[in-house]
file final_9.csv (CSV, C-alpha atoms)
chain,number,residue,atom,x,y,z
Z,18,MET,CA,-54.5,71.3,14.3
Z,19,VAL,CA,-57.0,70.3,11.6
Z,20,ALA,CA,-60.5,69.8,13.0
Z,21,TYR,CA,-62.1,66.4,12.9
Z,22,GLY,CA,-63.6,65.6,9.5
Z,23,THR,CA,-61.7,68.2,7.5
Z,24,MET,CA,-59.0,67.3,5.1
Z,25,ALA,CA,-55.5,68.7,5.2
Z,26,THR,CA,-54.1,69.5,1.7
Z,27,ALA,CA,-50.5,69.3,0.6
Z,28,GLY,CA,-49.2,72.4,2.3
Z,29,LYS,CA,-51.2,71.6,5.5
Z,30,VAL,CA,-50.1,67.9,5.8
Z,31,GLU,CA,-46.8,68.8,7.3
Z,32,ASN,CA,-48.4,71.3,9.5
Z,33,GLU,CA,-51.0,68.7,10.7
Z,34,LEU,CA,-48.3,66.2,11.5
Z,35,GLN,CA,-46.2,68.7,13.4
Z,36,HIS,CA,-49.0,68.6,16.0
Z,37,TYR,CA,-49.2,65.5,18.1
Z,38,VAL,CA,-51.3,62.8,16.4
Z,39,PRO,CA,-51.4,59.9,18.8
Z,40,LEU,CA,-50.5,56.5,17.6
Z,41,GLY,CA,-53.6,54.4,17.2
Z,42,SER,CA,-55.5,57.2,15.6
Z,43,ILE,CA,-57.5,56.4,12.4
Z,44,VAL,CA,-56.2,58.5,9.5
Z,45,LEU,CA,-56.9,58.9,5.8
Z,46,CYS,CA,-54.0,59.7,3.5
Z,47,VAL,CA,-53.9,60.5,-0.2
Z,48,ASP,CA,-50.7,59.9,-2.1
Z,49,PRO,CA,-49.5,61.7,-5.2
Z,50,TYR,CA,-51.2,59.1,-7.4
Z,51,ASP,CA,-54.6,59.7,-5.7
Z,52,ASN,CA,-54.5,56.4,-3.8
Z,53,LYS,CA,-56.5,56.7,-0.6
Z,54,ILE,CA,-55.0,54.8,2.4
Z,55,GLU,CA,-57.1,54.7,5.5
Z,56,GLY,CA,-56.1,52.9,8.6
Z,57,GLU,CA,-54.5,53.1,12.0
Z,58,LEU,CA,-51.4,55.2,12.5
Z,59,VAL,CA,-48.9,52.7,14.0
Z,60,ALA,CA,-45.6,54.5,13.7
Z,61,MET,CA,-44.3,57.9,12.9
Z,62,ASP,CA,-40.7,59.1,12.5
Z,63,GLU,CA,-40.5,62.8,12.5
Z,64,PRO,CA,-36.9,63.2,11.3
Z,65,THR,CA,-37.4,61.2,8.2
Z,66,LYS,CA,-41.1,62.3,7.8
Z,67,MET,CA,-42.2,58.6,7.5
Z,68,ILE,CA,-45.4,57.2,8.8
Z,69,ILE,CA,-46.8,53.6,8.8
Z,70,ILE,CA,-50.5,53.0,8.4
Z,71,LYS,CA,-52.0,49.6,9.3
Z,72,SER,CA,-55.1,48.8,7.3
Z,73,VAL,CA,-57.2,45.7,6.6
Z,74,THR,CA,-57.5,44.5,3.0
Z,75,THR,CA,-60.7,43.3,1.3
Z,76,ASP,CA,-59.7,39.7,2.1
Z,77,GLN,CA,-59.3,40.6,5.8
Z,78,LYS,CA,-55.5,40.5,5.8
Z,79,GLU,CA,-53.6,43.2,7.6
Z,80,ASP,CA,-51.5,45.5,5.4
Z,81,LEU,CA,-48.8,48.0,6.5
Z,82,THR,CA,-48.1,51.0,4.2
Z,83,VAL,CA,-45.1,53.2,4.7
Z,84,LEU,CA,-45.6,56.8,3.5
Z,85,ASN,CA,-43.4,59.8,3.2
Z,86,THR,CA,-45.4,62.7,4.6
Z,87,ASP,CA,-43.7,65.1,2.1
Z,88,LEU,CA,-45.4,63.2,-0.7
Z,89,LEU,CA,-48.9,63.1,0.7
Z,90,THR,CA,-51.4,65.4,-1.0
Z,91,GLU,CA,-54.0,65.0,1.7
Z,92,PHE,CA,-54.1,63.9,5.3
Z,93,GLU,CA,-57.1,63.6,7.6
Z,94,VAL,CA,-57.4,62.4,11.2
Z,95,LYS,CA,-60.7,60.5,11.2
Z,96,LYS,CA,-60.6,59.5,14.8
Z,97,TYR,CA,-58.1,60.5,17.5
Z,98,ALA,CA,-56.8,57.8,19.8
Z,99,PRO,CA,-56.4,58.5,23.5
Z,100,ASN,CA,-53.0,60.1,24.2
Z,101,ASN,CA,-51.9,57.2,26.4
Z,102,THR,CA,-51.8,54.7,23.5
Z,103,ARG,CA,-48.3,55.8,22.3
Z,104,GLY,CA,-46.3,52.7,21.9
Z,105,ALA,CA,-49.2,50.4,22.7
Z,106,PHE,CA,-49.3,48.9,19.2
Z,107,MET,CA,-46.2,46.9,20.0
Z,108,PRO,CA,-47.0,45.1,23.2
Z,109,GLU,CA,-44.1,43.8,25.3
Z,110,ARG,CA,-43.4,40.1,24.7
Z,111,ILE,CA,-41.9,37.8,27.2
Z,112,VAL,CA,-39.0,36.0,25.7
Z,113,SER,CA,-37.8,32.7,27.2
Z,114,GLU,CA,-34.2,32.2,28.0
Z,115,SER,CA,-34.0,29.0,26.0
Z,116,ALA,CA,-35.4,30.9,22.9
Z,117,VAL,CA,-32.6,33.4,23.3
Z,118,ARG,CA,-29.9,30.7,23.7
Z,119,MET,CA,-31.3,28.9,20.6
Z,120,ALA,CA,-31.3,32.1,18.6
Z,121,ILE,CA,-27.6,32.8,19.6
Z,122,LYS,CA,-26.7,29.2,18.7
Z,123,GLU,CA,-28.4,29.6,15.3
Z,124,LYS,CA,-26.5,32.8,14.7
Z,125,GLU,CA,-23.2,31.1,15.7
Z,126,ASP,CA,-23.9,28.2,13.3
Z,127,ALA,CA,-24.6,30.7,10.5
Z,128,ILE,CA,-21.3,32.4,11.2
Z,129,ASN,CA,-19.5,29.1,11.2
Z,130,ARG,CA,-21.0,28.1,7.9
Z,131,THR,CA,-19.3,31.1,6.2
Z,132,GLY,CA,-16.0,29.3,6.8
Z,133,PRO,CA,-12.7,30.1,8.4
Z,134,ARG,CA,-10.8,33.3,7.4
Z,135,ASP,CA,-8.0,31.5,5.6
Z,136,VAL,CA,-10.3,29.6,3.3
Z,137,SER,CA,-10.3,30.7,-0.4
Z,138,LEU,CA,-13.3,32.3,-2.0
Z,139,ALA,CA,-13.7,29.1,-4.1
Z,140,GLY,CA,-13.8,27.0,-1.0
Z,141,LYS,CA,-16.5,29.2,0.7
Z,142,GLU,CA,-18.6,29.2,-2.5
Z,143,LEU,CA,-18.2,25.4,-2.9
Z,144,PHE,CA,-19.4,24.9,0.6
Z,145,LYS,CA,-22.6,26.9,-0.2
Z,146,VAL,CA,-23.2,24.9,-3.4
Z,147,ILE,CA,-22.7,21.5,-1.6
Z,148,ASN,CA,-24.9,22.7,1.3
Z,149,LYS,CA,-27.8,23.3,-1.1
Z,150,THR,CA,-28.2,19.5,-1.6
Z,151,TYR,CA,-26.3,18.1,1.4
Z,152,THR,CA,-27.4,20.1,4.5
Z,153,ASN,CA,-25.5,17.9,7.0
Z,154,LEU,CA,-22.3,19.8,6.4
Z,155,GLU,CA,-19.7,21.8,8.4
Z,156,TRP,CA,-16.2,23.2,8.4
Z,157,ARG,CA,-13.5,21.3,10.3
Z,158,GLY,CA,-10.7,23.8,10.1
Z,159,ASN,CA,-10.3,24.4,6.4
Z,160,VAL,CA,-11.9,21.1,5.4
Z,161,ILE,CA,-15.5,20.7,4.3
Z,162,GLN,CA,-16.9,17.7,6.0
Z,163,GLY,CA,-20.2,15.8,5.6
Z,164,LEU,CA,-21.4,15.1,9.1
Z,165,ASP,CA,-22.5,11.6,8.3
Z,166,GLY,CA,-18.8,10.8,7.6
Z,167,ASP,CA,-19.6,10.2,4.0
Z,168,PHE,CA,-17.0,12.6,2.6
Z,169,VAL,CA,-14.5,15.3,3.1
Z,170,VAL,CA,-13.1,17.9,0.7
Z,171,HIS,CA,-9.6,19.2,1.4
Z,172,PRO,CA,-8.0,22.4,0.0
Z,173,PRO,CA,-7.7,23.4,-2.8
Z,174,TYR,CA,-11.2,21.9,-3.1
Z,175,LYS,CA,-10.8,20.1,-6.4
Z,176,ALA,CA,-12.5,16.8,-7.4
Z,177,ASN,CA,-9.3,14.9,-6.6
Z,178,ASN,CA,-9.4,16.3,-3.1
Z,179,VAL,CA,-12.7,14.6,-2.2
Z,180,ASN,CA,-12.3,11.5,0.0
Z,181,GLY,CA,-14.8,9.5,2.1
Z,182,SER,CA,-16.1,6.2,3.4
Z,183,THR,CA,-19.1,5.9,1.0
Z,184,GLU,CA,-18.2,5.5,-2.7
Z,185,ASP,CA,-21.6,6.8,-3.9
Z,186,ALA,CA,-21.3,10.0,-1.8
Z,187,VAL,CA,-17.8,10.6,-2.9
Z,188,LEU,CA,-18.7,10.2,-6.6
Z,189,ARG,CA,-21.7,12.5,-6.2
Z,190,ILE,CA,-19.7,15.2,-4.4
Z,191,LYS,CA,-16.9,14.9,-7.0
Z,192,LYS,CA,-19.4,15.6,-9.7
Z,193,VAL,CA,-20.7,18.6,-7.8
Z,194,VAL,CA,-17.1,19.9,-7.3
Z,195,GLU,CA,-16.3,19.5,-11.0
Z,196,LYS,CA,-19.4,21.3,-12.1
Z,197,PHE,CA,-18.8,24.0,-9.4
Z,198,HIS,CA,-15.3,24.7,-10.7
Z,199,ILE,CA,-16.5,24.9,-14.3
Z,200,ASP,CA,-19.2,27.5,-13.4
Z,201,PHE,CA,-16.9,29.3,-10.9
Z,202,ASN,CA,-14.1,29.7,-13.4
Z,203,LYS,CA,-16.6,31.0,-16.0
Z,204,LYS,CA,-18.0,33.5,-13.5
Z,205,GLN,CA,-14.5,34.6,-12.4
Z,206,GLY,CA,-13.4,34.9,-16.0
Z,207,GLY,CA,-16.4,37.0,-16.8
Z,208,ALA,CA,-15.8,39.2,-13.7
Z,209,GLN,CA,-12.2,39.7,-14.6
Z,210,MET,CA,-13.1,40.7,-18.2
Z,211,SER,CA,-15.7,43.2,-17.1
Z,212,SER,CA,-13.4,44.9,-14.6
call {"tool": "encode", "arguments": {"input": "final_9.csv", "output": "C-alpha cells"}}
result
Amino acid sequence: MVAYGTMATAGKVENELQHYVPLGSIVLCVDPYDNKIEGELVAMDEPTKMIIIKSVTTDQKEDLTVLNTDLLTEFEVKKYAPNNTRGAFMPERIVSESAVRMAIKEKEDAINRTGPRDVSLAGKELFKVINKTYTNLEWRGNVIQGLDGDFVVHPPYKANNVNGSTEDAVLRIKKVVEKFHIDFNKKQGGAQMSS
C-alpha cells in the first residue's frame, strides 16, 4: 500500500486500489488530461474499475466525479477513513408506506398513458402530442378522452373522429389532430424512404 503523502503513478494506481481503501477516505486523482480531482471516495466498483469521488466546487456545491481507475495517471490517499465507514455515505432512509403507494400509482398511471396494446402507433403518438397541451387526458379502452368531458378521439384518430360536448375544445383538438397527421405522415414517409 502506498504510504500517506506519496503519490501512486500510472502503474501503481491499480496496485494501490487493489488494497482496501475505505469509503470516506480523502483521495487525490489525476486523469490523463492532468486534471486533479480531490475529494471523498464514496463508491468503488472493482470489476468495472470505476470509482466515484465527491468534491465541493468553488461555489460550495457538491460534485460527483466518476473515474475509471485504468485511466488515472496518479492516485493518492490523503487521509484514510476508519474501516467501519464502508457504506456509511448512503444512510438508510425510512420510507413511508403512503409514499410507496403513491410511487406505485404514478408508475401505473405512466404505464396506462402509453396506451392499450391494440392501439396503433399513430394513436399512441397522437395521445402524447395532445397530452403536451391538455394534461387532463386518459385512455378509455382505445379511445382518447379528455377528463373534463370536453372531447373524445376515436380510432382511427383522424380529425373527423373527434367529438365532444364543448365546441371550442373539439375545434382545438381537431386542429391538433390535423397538424399531427401532417407531421406524422411526413415523419413516417421519411422513415420509409431512409430504410
call {"tool": "residues_around", "arguments": {"input": "final_9.csv", "residues": "Asp200 of chain Z", "least_positions_apart": "4", "cutoff": "12 Å", "atoms": "all atoms listed in the file", "output": "NGL selection string"}}
result
:Z and (139 or 142-143 or 146 or 193-196 or 204-207)
call {"tool": "atom_distance", "arguments": {"input": "final_9.csv", "atom1": "atom CA of Glu155 of chain Z", "atom2": "atom CA of Glu114 of chain Z"}}
result
26.5 Å
call {"tool": "atom_distance", "arguments": {"input": "final_9.csv", "atom1": "atom CA of Leu154 of chain Z", "atom2": "atom CA of Ala186 of chain Z"}}
result
12.8 Å
call {"tool": "atom_distance", "arguments": {"input": "final_9.csv", "atom1": "atom CA of Trp156 of chain Z", "atom2": "atom CA of Met119 of chain Z"}}
result
20.2 Å
call {"tool": "closest_residue", "arguments": {"input": "final_9.csv", "among": "Z:Ser72, Z:Lys95, Z:Lys78, Z:Val83", "to": "Leu45 of chain Z", "atoms": "all atoms listed in the file"}}
result
Z:Lys95
call {"tool": "closest_residue", "arguments": {"input": "final_9.csv", "among": "Z:Ile161, Z:Leu188, Z:Val59, Z:Ile43", "to": "Asn148 of chain Z", "atoms": "only C-alpha atoms"}}
result
Z:Ile161
call {"tool": "residues_around", "arguments": {"input": "final_9.csv", "residues": "Gly158 of chain Z", "least_positions_apart": "5", "cutoff": "9 Å", "atoms": "only C-alpha atoms", "output": "VMD selection string"}}
result
chain Z and resid 132 to 133 136
call {"tool": "write_last_selection", "arguments": {"input": "final_9.csv", "atoms": "C-alpha atoms", "output": "compact mmCIF listing (two decimals), in the frame of the given file"}}
result
# COMPACT_ATOMS: atom_id res chain seq x y z
CA GLY Z 132 -16.00 29.30 6.80
CA PRO Z 133 -12.70 30.10 8.40
CA VAL Z 136 -10.30 29.60 3.30
call {"tool": "closest_residue", "arguments": {"input": "final_9.csv", "among": "Z:Glu63, Z:Thr90, Z:Glu79, Z:Arg189", "to": "Asp48 of chain Z", "atoms": "all atoms listed in the file"}}
result
Z:Thr90
call {"tool": "residues_near_point", "arguments": {"input": "final_9.csv", "point": "(-8.4, 23.6, -2.8)", "cutoff": "8 Å", "atoms": "all atoms listed in the file", "output": "PDB file with C-alpha atoms, in the frame of the given file"}}
result
ATOM      1  CA  SER Z 137     -10.300  30.700  -0.400  1.00  0.00           C
ATOM      2  CA  ALA Z 139     -13.700  29.100  -4.100  1.00  0.00           C
ATOM      3  CA  GLY Z 140     -13.800  27.000  -1.000  1.00  0.00           C
ATOM      4  CA  HIS Z 171      -9.600  19.200   1.400  1.00  0.00           C
ATOM      5  CA  PRO Z 172      -8.000  22.400   0.000  1.00  0.00           C
ATOM      6  CA  PRO Z 173      -7.700  23.400  -2.800  1.00  0.00           C
ATOM      7  CA  TYR Z 174     -11.200  21.900  -3.100  1.00  0.00           C
ATOM      8  CA  LYS Z 175     -10.800  20.100  -6.400  1.00  0.00           C
ATOM      9  CA  ASN Z 178      -9.400  16.300  -3.100  1.00  0.00           C
TER      10      ASN Z 178
END
call {"tool": "closest_residue", "arguments": {"input": "final_9.csv", "among": "Z:Lys96, Z:Glu91, Z:Ile147, Z:Val38", "to": "Asp62 of chain Z", "atoms": "all atoms listed in the file"}}
result
Z:Val38
